[in-house]
Each structure stands twice: as C-alpha cells, then as structure tokens.
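A quick write-up on the structure given underneath.
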Amino acid sequence: MSSLGATLVMLARDLRVPVESIAWLASAFGAGLLVAAAAGPRLLRHGPGPILRAGSLVLATGVALLALASSAALAVAGALLLGLGGAALVLATPALLDGPGIAARLTRVNAAASTAGVSAPLALGGLDSLGPSGRLVLLAAVPPLLLAATVTTSGTRRGRTPGLGTWRDRAPGTGAPPPGTNDAAPPPHDAPPPSPPTTTAVPQHDAVPPSPLATAAVPQRDTVPPSQHDAPPPSPLATAAAPQREAVPPPPLGGNPPQRRGSAGPSRGDVGRRWARVTLGVSVEFCFVVWAVARLQQTGVSAGEAAGLASTFAIGMALGRILAPRLLHRVPVIPLCVLTIAAGTLLVVATNAPLPVAAGLGLAGLGVAPLYPVTLAGLVAAPGLRAAHAASLGALASGTAILLAPTALAAIGQMVDLRLAFLITVPLLAALAAIRPGKAS
C-alpha cells in the first residue's frame, strides 16, 4: 500500500494518460473494504485463518497484474484484486489481535508494516531511475504473500488463533470464551495421571479451567474458589481499557452470573462517533499515501526522484508507530497527532521546492502514524460491540475513507491546484479533534 501513489504516477506515464484520469484506481482498495465490511461477520464465522489465506492469494495476483499491466484493462483488474485482497487482511487483523492491550498491539503491528513499507517508494524510485519501469518492483511482494498464505493457514486452522482460544467460541464483544466453554489445550502425552478427586463441600469436577486470555492478562491471579466456578472470565477488552478496574464480587452459589457490562447492546451514537474517528483518520492518511508522489513531481523532479523523496512520509509513519506505544498512556495522542499533521500539511502547501515538501510529508507521516491503530482500537473497545461486528465496521470506515478522500482531493486539484488541494486535510483534522467518544467498557 505504501507504493500506491508511486505506482499510479508510473502507470499513468507508461499508459500515456494524465494521472488524474486513473486516480479512481486508488479507490479500488476502498471498494474492496466495503465488500469486506458487508461480508465481514459471515467471513469471520470460522475465524480469521481462511480470510488471511484467501486475501494473501488474491493480493498476490493483484500486485502481479499492476506490476505487469500494459493496458488500462489489466490495470483495473489488478487494482480491484489488490483492493479485495488488501481488504481481507485489514478485516482479519483486528480479529487476530483482539484482547488486552489491543491499541498497543495494533500500533506495533502497524509499525512493522510501516517499517517494511519504507522500502517500497525507495525501491520503485531506484529501479525507475535506472531505466525499467519502477512498477516491476511490486513483483518482489508476490513470494512473501504466497508464503503468508501457507503460514497463516497452519497458524489459525479451524478458527483457532494462537494463544486466543477458538474464535467461534468467544463471547460477543470480548476476547474470551463464553462461560462454560472448555477451550483448554489437551494435556501433553507424557503428563502424569490426574490425582484422585478430593471430597469437598462443593464438588469441583465440573469446574471450567481459566480462560487462556484471562490467565495472560492477569498472570498472578489467585485460584478461583469453588463457589465461583460459574462466573464468566473477565473481558480482555475491559482489561485493556481499564486495567485497574475493581473485580466484580462473585454471585451467591446457585445464583445467576452477573450481566456483562454493555450486554444490552452497544450505543449507536457512541459506536457512530468511534466509527467516524476511524474514517477521518484513514481519510487524512490516504490523501498523503495516494498523492504525495504526484505533489513532489509537481515541484519539477522526475517520477523516480519523486517516489524516492516521498519515502519521507513512509519513514515518518514508521517512526511514529514505533514511538506511539510508549506514548499512548502518557500524552493526549489524537490532539498531538492533529497538530503535527497540520504543521506538515502547511509545509507541503506553502512551498514548491522538493526538499521542504518532502520534509512536510515526513512530519505529516509522523503525525498520521498512530491515528489508525488508536482509533480502530477505540472502535473495537466500544461497550457491547461484538468483535466480528467491530472488524466489519472498521473495514467499512477504512473503505469509505479511501473511496472518497483521495478522489475528493483529486477533484479539488483539477479545479484549483494539487498543492492547494492538500488543505482538504485541515477540516478533516478539525472534525477528528472535535469528536469525543464515550468511555470504553
């Protein structure tokens, strides 16, 4: 995805068409996300493993077509397959990482992706400067994607996420199995035979072993007394959002277990605000992802040089996502991001020299970096929201943003100037700063 802007510029040159005329190809990823959002709950019914396998294969095919396309028809087919395959990976990622500390884990995963993504514009620009079309670099992504299809299949077979139990057995809106679900791994073949049962006031032979997630979240947890064997394990999302939350007292023996907070259903208004934050954050990000190379080319450098200079945005993204997990609980992340992006945008707009524009892109990338993982984690943590539903809503938010924001920037660029069109990010940032979601459960 980090190569999308450079790929569009080089594809337009190779097909001898204006880049604005094929700008809609960047929206294919957004269209794929909308399809994934609609089918998300059904696709996730058997866990994220099958989606990862299919998405990797489809994405590999789309990347190969974009790299080798010699006609608009092949480029369209490649863009559509890239959109569907990339959307499948976006849909599966929150499902794999759901649980305690999801914001920090999403940020680390995106940091790894952004670090790898730094190589994309540099490699495209380097090869393009040597003579062949830089698009051929995209072929390097095909073997890892094919390998990812086999690795993820073995790691998430039959809906089982390593360390997270069985996806279909998890309670709605949580990362833990529902009460009464025995999802513990079988004992090793050389384990000693179990000791004879001990007679106590309350028999324990039906007791449910603790959830692996609950054990991971609270490693020093005391053994649960027999009178609490019917109590459900704590929600990991609740543990992530409020690590110091007081324990709920156990119900009387034979009584009904306490109702999970938010079990009556999520608040539509709160979910809508969280969804809007994801949409706005992705909108700002993809305005830069898609149009950074074209903006730099506008300063008078070649397509290859523009792609290389545009790597400053990817570098800023990588640095921001590496640093973000350490700042999540120390500073107000969203306001800090908004101010940093606004400063970078002003640099991109204020000058027409390549180096200041590249510096502005780097500063904007630093600010954009935490937006997607932090806002997506906020959506997943919405009280009462099912995990599969949250993943679909996240894909819908990203799809809407990618479908509309870069296209709107291109339309403004055709009416005025691409340089001034980057100011579209300012009202998006203002709206993002103004939205305040409710407190997570």
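To be explicit about the labels: the chains of the structure tokens are called A, B, and onward in the order shown, and within each one the residues are counted from 1, while ligands get numbers from 1 in the order they are shown.
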Which residues of range 268-303 of chain A come within 7 Å of range 395-414 of chain A, and for each one, what is the closest pair of atoms and their distance in Å to one decimal, counting only C-alpha atoms, sorted by chain and residue number, as a Markdown table?
```
| residue | atom | partner | partner_atom | distance |
| --- | --- | --- | --- | --- |
| A:Trp275 | CA | A:Ala397 | CA | 6.2 |
| A:Val278 | CA | A:Ala397 | CA | 6.0 |
| A:Thr279 | CA | A:Ala397 | CA | 4.6 |
| A:Leu280 | CA | A:Ala401 | CA | 6.9 |
| A:Val282 | CA | A:Ala401 | CA | 5.9 |
| A:Ser283 | CA | A:Ala401 | CA | 4.6 |
| A:Phe286 | CA | A:Ile402 | CA | 6.3 |
| A:Cys287 | CA | A:Pro406 | CA | 4.9 |
| A:Val290 | CA | A:Pro406 | CA | 6.7 |
```
Do a neighbour search on range 321-333 of chain A at 12 Å with only C-alpha atoms, toss out local chain neighbours closer than 4 positions, and write the hits as a VMD selection string.
chain A and resid 101 to 115 240 to 243 314 to 317 337 to 340 365 to 375 377 432 to 433
Test item: residues at most 10 Å from Thr150 in chain A, only C-alpha atoms, excluding those fewer than 5 positions along its chain, as a PyMOL selection string:
chain A and resi 52-53+56-57+145+155
Which of these residues is nearest to Ala120 in chain A, using only C-alpha atoms: A:Val58, A:Ala141, A:Ala79, A:Ala88?
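When distances to Ala120 in chain A are compared using only C-alpha atoms, the smallest one comes from A:Ala141.
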Could you pull out the alpha helix (DSSP H) residues of range 254-354 of chain A, going by DSSP on the backbone, and write them as a VMD selection string?
chain A and resid 268 to 297 303 to 309 311 to 327 333 to 350 354
Mind giving me the straight-line distance from CA of Met1 in chain A to CA of Gly117 in chain A in Å, one decimal?
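Computed distance, CA of Met1 in chain A to CA of Gly117 in chain A, equals 7.7 Å.
Neighbouring residues of Pro437 in chain A at 8 Å or closer, counting only C-alpha atoms and skipping chain neighbours under 2 positions away, are Asp270, Val271, Arg273, Arg274, Ile435 and Lys439 of chain A.
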Could you tell me how far CA of Asn352 in chain A lies from CA of Thr299 in chain A, in Å and to one decimal?
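Going from CA of Asn352 in chain A over to CA of Thr299 in chain A covers 5.4 Å.
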At what distance in Å, to one decimal, does CA of Leu81 in chain A lie from CA of Glu20 in chain A?
20.9 Å
